[in-house]
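Raw work_0.cif, mmCIF, C-alpha atoms:
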data_data
loop_
_atom_site.group_PDB
_atom_site.id
_atom_site.type_symbol
_atom_site.label_atom_id
_atom_site.label_comp_id
_atom_site.auth_asym_id
_atom_site.auth_seq_id
_atom_site.Cartn_x
_atom_site.Cartn_y
_atom_site.Cartn_z
ATOM 1 C CA MET A 24 17.644 -0.134 13.403
ATOM 2 C CA TRP A 25 15.373 1.603 15.927
ATOM 3 C CA ARG A 26 17.383 0.190 18.821
ATOM 4 C CA THR A 27 20.719 1.370 17.444
ATOM 5 C CA ARG A 28 19.743 4.684 15.837
ATOM 6 C CA TYR A 29 16.993 5.803 18.208
ATOM 7 C CA SER A 30 17.994 4.323 21.564
ATOM 8 C CA ASP A 31 17.151 7.375 23.678
ATOM 9 C CA PRO A 32 13.904 6.478 25.524
ATOM 10 C CA ALA A 33 12.891 10.163 25.419
ATOM 11 C CA ARG A 34 12.342 9.781 21.648
ATOM 12 C CA TRP A 35 9.608 7.257 22.388
ATOM 13 C CA LYS A 36 7.816 9.021 25.251
ATOM 14 C CA ASN A 37 4.721 9.793 23.153
ATOM 15 C CA VAL A 38 4.574 6.487 21.265
ATOM 16 C CA LEU A 39 2.235 3.659 22.215
ATOM 17 C CA PHE A 40 2.796 0.173 20.792
ATOM 18 C CA PHE A 41 -0.104 -2.056 19.779
ATOM 19 C CA TRP A 42 -0.102 -5.392 17.983
ATOM 20 C CA VAL A 43 -1.416 -6.210 14.535
ATOM 21 C CA ASP A 44 -1.357 -9.927 15.287
ATOM 22 C CA GLU A 45 0.023 -12.517 17.659
ATOM 23 C CA ARG A 46 0.396 -16.268 17.772
ATOM 24 C CA CYS A 47 -1.576 -17.993 20.519
ATOM 25 C CA VAL A 48 1.465 -18.760 22.652
ATOM 26 C CA PRO A 49 2.748 -17.407 25.987
ATOM 27 C CA PRO A 50 4.734 -14.138 25.894
ATOM 28 C CA ASP A 51 7.974 -15.942 26.764
ATOM 29 C CA SER A 52 7.719 -18.259 23.742
ATOM 30 C CA GLU A 53 10.189 -17.693 20.918
ATOM 31 C CA GLU A 54 7.185 -17.953 18.576
ATOM 32 C CA SER A 55 5.653 -14.832 20.145
ATOM 33 C CA ASN A 56 5.907 -11.505 18.334
ATOM 34 C CA TYR A 57 5.898 -9.824 21.735
ATOM 35 C CA TYR A 58 8.852 -11.941 22.898
ATOM 36 C CA TRP A 59 11.045 -10.639 20.065
ATOM 37 C CA ALA A 60 9.849 -7.036 20.288
ATOM 38 C CA HIS A 61 10.548 -7.048 24.033
ATOM 39 C CA ARG A 62 13.922 -8.762 23.728
ATOM 40 C CA LEU A 63 15.256 -6.794 20.740
ATOM 41 C CA PHE A 64 13.682 -3.382 21.256
ATOM 42 C CA PHE A 65 11.501 -2.597 24.272
ATOM 43 C CA LYS A 66 13.889 -3.829 26.967
ATOM 44 C CA PRO A 67 17.184 -2.505 25.476
ATOM 45 C CA VAL A 68 15.675 0.931 24.749
ATOM 46 C CA GLY A 69 13.738 1.093 28.010
ATOM 47 C CA ILE A 70 10.217 1.469 26.638
ATOM 48 C CA PRO A 71 7.888 1.731 29.664
ATOM 49 C CA ALA A 72 5.446 -1.139 30.157
ATOM 50 C CA GLU A 73 2.515 1.298 30.144
ATOM 51 C CA HIS A 74 3.330 2.117 26.493
ATOM 52 C CA ILE A 75 3.059 -1.518 25.401
ATOM 53 C CA PHE A 76 -0.341 -3.067 24.668
ATOM 54 C CA ARG A 77 0.329 -6.644 23.668
ATOM 55 C CA ILE A 78 -2.143 -9.249 22.534
ATOM 56 C CA HIS A 79 -2.319 -11.920 25.245
ATOM 57 C CA GLY A 80 -1.562 -14.995 23.162
ATOM 58 C CA GLU A 81 -1.797 -17.207 26.227
ATOM 59 C CA GLU A 82 -5.517 -16.445 26.665
ATOM 60 C CA PRO A 83 -8.366 -18.235 24.846
ATOM 61 C CA PRO A 84 -8.214 -16.834 21.274
ATOM 62 C CA GLU A 85 -11.862 -15.749 20.837
ATOM 63 C CA GLN A 86 -11.892 -14.075 24.244
ATOM 64 C CA GLU A 87 -8.605 -12.288 23.527
ATOM 65 C CA ALA A 88 -9.749 -11.070 20.087
ATOM 66 C CA GLU A 89 -12.801 -9.509 21.738
ATOM 67 C CA ARG A 90 -10.761 -7.968 24.580
ATOM 68 C CA TYR A 91 -8.203 -6.498 22.223
ATOM 69 C CA ALA A 92 -10.887 -5.112 19.883
ATOM 70 C CA ARG A 93 -12.492 -3.334 22.874
ATOM 71 C CA LEU A 94 -9.087 -1.986 23.923
ATOM 72 C CA MET A 95 -8.509 -0.569 20.418
ATOM 73 C CA ALA A 96 -11.986 0.930 20.229
ATOM 74 C CA ASP A 97 -11.480 2.615 23.624
ATOM 75 C CA ARG A 98 -7.899 3.860 23.094
ATOM 76 C CA LEU A 99 -7.746 5.005 19.473
ATOM 77 C CA PRO A 100 -9.442 7.743 17.458
ATOM 78 C CA ASP A 101 -12.368 6.625 15.346
ATOM 79 C CA ARG A 102 -12.411 6.681 11.545
ATOM 80 C CA GLU A 103 -15.821 5.697 10.227
ATOM 81 C CA GLY A 104 -16.355 3.169 13.016
ATOM 82 C CA LEU A 105 -12.810 1.794 12.965
ATOM 83 C CA PRO A 106 -9.873 2.530 15.274
ATOM 84 C CA ARG A 107 -7.258 4.540 13.410
ATOM 85 C CA PHE A 108 -3.572 3.911 13.990
ATOM 86 C CA ASP A 109 -1.035 6.575 13.066
ATOM 87 C CA CYS A 110 1.224 3.923 11.570
ATOM 88 C CA THR A 111 0.929 0.194 11.009
ATOM 89 C CA LEU A 112 4.102 -1.835 10.485
ATOM 90 C CA LEU A 113 3.558 -5.055 8.539
ATOM 91 C CA GLY A 114 5.418 -7.851 6.877
ATOM 92 C CA ILE A 115 4.203 -10.099 4.117
ATOM 93 C CA GLY A 116 4.579 -13.857 4.421
ATOM 94 C CA GLU A 117 5.969 -15.927 1.582
ATOM 95 C CA ASP A 118 2.437 -17.239 1.023
ATOM 96 C CA GLU A 119 1.401 -13.560 0.743
ATOM 97 C CA HIS A 120 -0.448 -13.390 4.047
ATOM 98 C CA VAL A 121 -0.564 -10.054 5.865
ATOM 99 C CA ALA A 122 -0.870 -9.871 9.655
ATOM 100 C CA SER A 123 -2.352 -13.326 10.322
ATOM 101 C CA ILE A 124 -4.816 -13.052 7.462
ATOM 102 C CA PHE A 125 -4.284 -16.196 5.406
ATOM 103 C CA ASP A 126 -7.367 -16.024 3.226
ATOM 104 C CA ARG A 127 -9.664 -13.300 1.948
ATOM 105 C CA GLY A 128 -12.366 -13.879 4.580
ATOM 106 C CA LEU A 129 -10.854 -11.552 7.203
ATOM 107 C CA LEU A 130 -10.048 -8.754 4.756
ATOM 108 C CA GLN A 131 -13.555 -7.277 4.846
ATOM 109 C CA SER A 132 -14.698 -8.542 8.238
ATOM 110 C CA ASP A 133 -16.878 -6.380 10.475
ATOM 111 C CA ASP A 134 -14.732 -7.491 13.423
ATOM 112 C CA LEU A 135 -11.769 -5.352 14.475
ATOM 113 C CA TYR A 136 -9.751 -8.385 15.590
ATOM 114 C CA ALA A 137 -10.491 -12.019 14.854
ATOM 115 C CA VAL A 138 -9.083 -15.496 15.323
ATOM 116 C CA SER A 139 -7.309 -17.101 12.397
ATOM 117 C CA GLN A 140 -5.590 -20.427 11.953
ATOM 118 C CA HIS A 141 -2.372 -21.008 10.054
ATOM 119 C CA PRO A 142 -3.274 -23.251 7.091
ATOM 120 C CA VAL A 143 -0.176 -25.454 7.416
ATOM 121 C CA THR A 144 0.642 -25.617 11.142
ATOM 122 C CA GLY A 145 -2.912 -25.230 12.451
ATOM 123 C CA GLN A 146 -1.668 -22.712 15.015
ATOM 124 C CA TYR A 147 -4.287 -20.218 16.182
ATOM 125 C CA ARG A 148 -3.598 -16.509 16.038
ATOM 126 C CA VAL A 149 -5.346 -13.285 16.954
ATOM 127 C CA THR A 150 -5.227 -10.781 14.109
ATOM 128 C CA GLN A 151 -6.309 -7.358 13.096
ATOM 129 C CA THR A 152 -8.701 -7.502 10.156
ATOM 130 C CA GLY A 153 -8.193 -5.930 6.749
ATOM 131 C CA GLU A 154 -10.465 -2.919 7.215
ATOM 132 C CA VAL A 155 -8.604 -1.882 10.390
ATOM 133 C CA ILE A 156 -5.265 -2.175 8.580
ATOM 134 C CA LEU A 157 -6.594 -0.050 5.725
ATOM 135 C CA ALA A 158 -7.852 2.636 8.162
ATOM 136 C CA SER A 159 -4.270 3.341 9.307
ATOM 137 C CA ARG A 160 -2.842 6.763 8.413
ATOM 138 C CA GLU A 161 0.335 5.106 7.126
ATOM 139 C CA ILE A 162 1.222 1.494 6.371
ATOM 140 C CA LEU A 163 4.888 0.494 6.358
ATOM 141 C CA ILE A 164 5.785 -2.908 4.938
ATOM 142 C CA ALA A 165 9.249 -4.363 5.510
ATOM 143 C CA LEU A 166 10.445 -6.961 3.003
ATOM 144 C CA VAL A 167 13.988 -7.849 4.035
ATOM 145 C CA GLY A 168 16.122 -10.792 2.949
ATOM 146 C CA LYS A 169 16.611 -12.821 -0.204
ATOM 147 C CA ARG A 170 13.270 -14.650 0.005
ATOM 148 C CA LYS A 171 11.444 -11.348 0.529
ATOM 149 C CA LYS A 172 13.150 -9.894 -2.561
ATOM 150 C CA GLU A 173 11.745 -12.800 -4.553
ATOM 151 C CA LEU A 174 8.336 -12.126 -2.986
ATOM 152 C CA LEU A 175 8.494 -8.456 -3.958
ATOM 153 C CA HIS A 176 9.316 -9.379 -7.554
ATOM 154 C CA ARG A 177 6.451 -11.876 -7.583
ATOM 155 C CA LEU A 178 4.006 -9.308 -6.191
ATOM 156 C CA THR A 179 4.939 -6.662 -8.737
ATOM 157 C CA ALA A 180 4.938 -9.037 -11.723
ATOM 158 C CA ARG A 181 1.629 -10.738 -10.951
ATOM 159 C CA PRO A 182 -1.497 -10.040 -12.999
ATOM 160 C CA ASP A 183 -4.017 -7.775 -11.237
ATOM 161 C CA SER A 184 -6.637 -10.520 -11.206
ATOM 162 C CA VAL A 185 -4.817 -12.615 -8.574
ATOM 163 C CA VAL A 186 -6.059 -11.607 -5.113
ATOM 164 C CA THR A 187 -4.135 -12.576 -1.990
ATOM 165 C CA PRO A 188 -4.247 -10.799 1.386
ATOM 166 C CA ALA A 189 -1.088 -8.873 0.417
ATOM 167 C CA THR A 190 -2.319 -7.794 -3.024
ATOM 168 C CA TYR A 191 -5.706 -6.853 -1.551
ATOM 169 C CA ILE A 192 -4.172 -4.531 1.048
ATOM 170 C CA LEU A 193 -1.801 -2.990 -1.499
ATOM 171 C CA ALA A 194 -4.592 -2.481 -4.041
ATOM 172 C CA HIS A 195 -6.902 -0.787 -1.515
ATOM 173 C CA THR A 196 -4.621 1.891 -0.075
ATOM 174 C CA SER A 197 -2.531 4.772 -1.290
ATOM 175 C CA ARG A 198 -0.756 4.987 2.060
ATOM 176 C CA ALA A 199 1.523 1.942 1.865
ATOM 177 C CA THR A 200 5.291 2.148 1.612
ATOM 178 C CA ILE A 201 7.375 -0.988 1.058
ATOM 179 C CA PHE A 202 10.931 -1.049 2.412
ATOM 180 C CA SER A 203 13.399 -3.497 0.901
ATOM 181 C CA GLU A 204 17.133 -3.726 0.296
ATOM 182 C CA ILE A 205 16.429 -3.365 -3.403
ATOM 183 C CA GLY A 206 14.742 -0.024 -3.039
ATOM 184 C CA LEU A 207 11.812 1.915 -1.697
ATOM 185 C CA PHE A 208 8.447 1.491 -3.364
ATOM 186 C CA ASN A 209 5.165 3.267 -2.928
ATOM 187 C CA ARG A 210 1.615 2.790 -4.139
ATOM 188 C CA GLU A 211 2.570 3.798 -7.695
ATOM 189 C CA LEU A 212 3.313 0.142 -8.338
ATOM 190 C CA SER A 213 0.396 -1.677 -9.922
ATOM 191 C CA PHE A 214 -1.345 -4.022 -7.506
#

Translate this structure into structure tokens?
Amino acid sequence: MWRTRYSDPARWKNVLFFWVDERCVPPDSEESNYYWAHRLFFKPVGIPAEHIFRIHGEEPPEQEAERYARLMADRLPDREGLPRFDCTLLGIGEDEHVASIFDRGLLQSDDLYAVSQHPVTGQYRVTQTGEVILASREILIALVGKRKKELLHRLTARPDSVVTPATYILAHTSRATIFSEIGLFNRELSF
């Protein structure tokens, strides 16, 4: 949508792009979030390289998490000791992970970025932690496709006592907006 509706590079001249998470793969891997962002948006729209701050998935994960945390701390305004993004764009996995947070341990971490491991594939990832996500001025969550519709229904019908990374984030912010083909939802939903 951004590429087709907002293709004029001048619209993006004051926007910097940072990553919430990245798989520990090279930037030319089809598993890389950067690969798809570059291929589908940055390159066609002409976003300058100096506006793109990717996580280096090809580097050792612990080292990269530390480097990226320092980059965020240096580049972004501070909100109670945490870097504050103007807007964070997220998805929610079918297992209800957010970013690359697969269990509750990284939701309240003191680290800005950390290394996580996918519970099924074992793949390492560098991810923003829950407190940094929650410090964002706005959180946009895209749930697109049939399986994501089912996920949205499951999230909204679940008892409050079930805590997953997705329900934790939704329960701890009033600044989240969920976009889906079946409508637009805000924090007024019970999570």

Subject >> Option closest in space to Val68 of chain A, from A:Pro32, A:Pro188, A:Gly153, A:Gly116 [counting only C-alpha atoms] >> reply: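 Using only C-alpha atoms, the shortest distance to Val68 of chain A belongs to A:Pro32.
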
How big is the axis-aligned box, and where does its centre sit, when it encloses all atoms of segment 51-67 of chain A listed in the file and has 5 Å added on every side, reported in Å to one decimal as AutoDock Vina command-line options?
--center_x 11.4 --center_y -10.4 --center_z 22.7 --size_x 21.5 --size_y 25.8 --size_z 18.6

**OP:** Could you expand the PyMOL selection byres ((chain A and resi 123-135) around 7) into the explicit residues it covers here, written as a list in words?
**Re:**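 Applying the PyMOL selection byres ((chain A and resi 123-135) around 7) to the structure shown produces Asp44, Ala92, His120, Val121, Ala122, Tyr136, Ala137, Ser139, His141, Arg148, Thr150, Gln151, Thr152, Gly153, Glu154, Val155, Thr187 and Pro188 of chain A.
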
Original post:
At what distance in Å, to one decimal, does atom CA of Val48 of chain A lie from atom CA of Glu82 of chain A?
Top reply: 8.4 Å

**OP:** Extract, using only C-alpha atoms, all DNA, RNA and protein residues at most 7 Å from Ile162 of chain A, discarding same-chain residues fewer than 3 positions from it, and format them as a list in words.
**Re:**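 After dropping sequence-adjacent residues, the list is Cys110, Thr111, Leu112, Ser159, Arg198, Ala199 and Thr200 of chain A.
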
Using all atoms listed in the file, find each residue in segment 79-134 of chain A having at least one atom no more than 12 Å away from segment 167-174 of chain A; report its shortest atom-to-atom pair and that distance in Å (one decimal), rows by chain then rising number, as a tab-separated table.
residue	atom	partner	partner_atom	distance
A:Leu113	CA	A:Val167	CA	11.7
A:Gly114	CA	A:Val167	CA	9.0
A:Ile115	CA	A:Lys171	CA	8.2
A:Gly116	CA	A:Lys171	CA	8.3
A:Glu117	CA	A:Leu174	CA	6.4
A:Asp118	CA	A:Leu174	CA	8.8
A:Glu119	CA	A:Leu174	CA	8.0
A:His120	CA	A:Leu174	CA	11.3

**OP:** Rank nothing, just name the residue among A:Trp42, A:Arg181, A:Gln86, A:Phe64 nearest to Arg28 of chain A, using all atoms listed in the file.
**Re:**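 For Arg28 of chain A, the nearest of the given residues is A:Phe64.
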
Original post:
Care to translate the PyMOL selection byres ((chain A and resi 57) around 12) into actual residues of this file, as number ranges by chain?
Top reply: A: 40-56, 58-66, 75-81
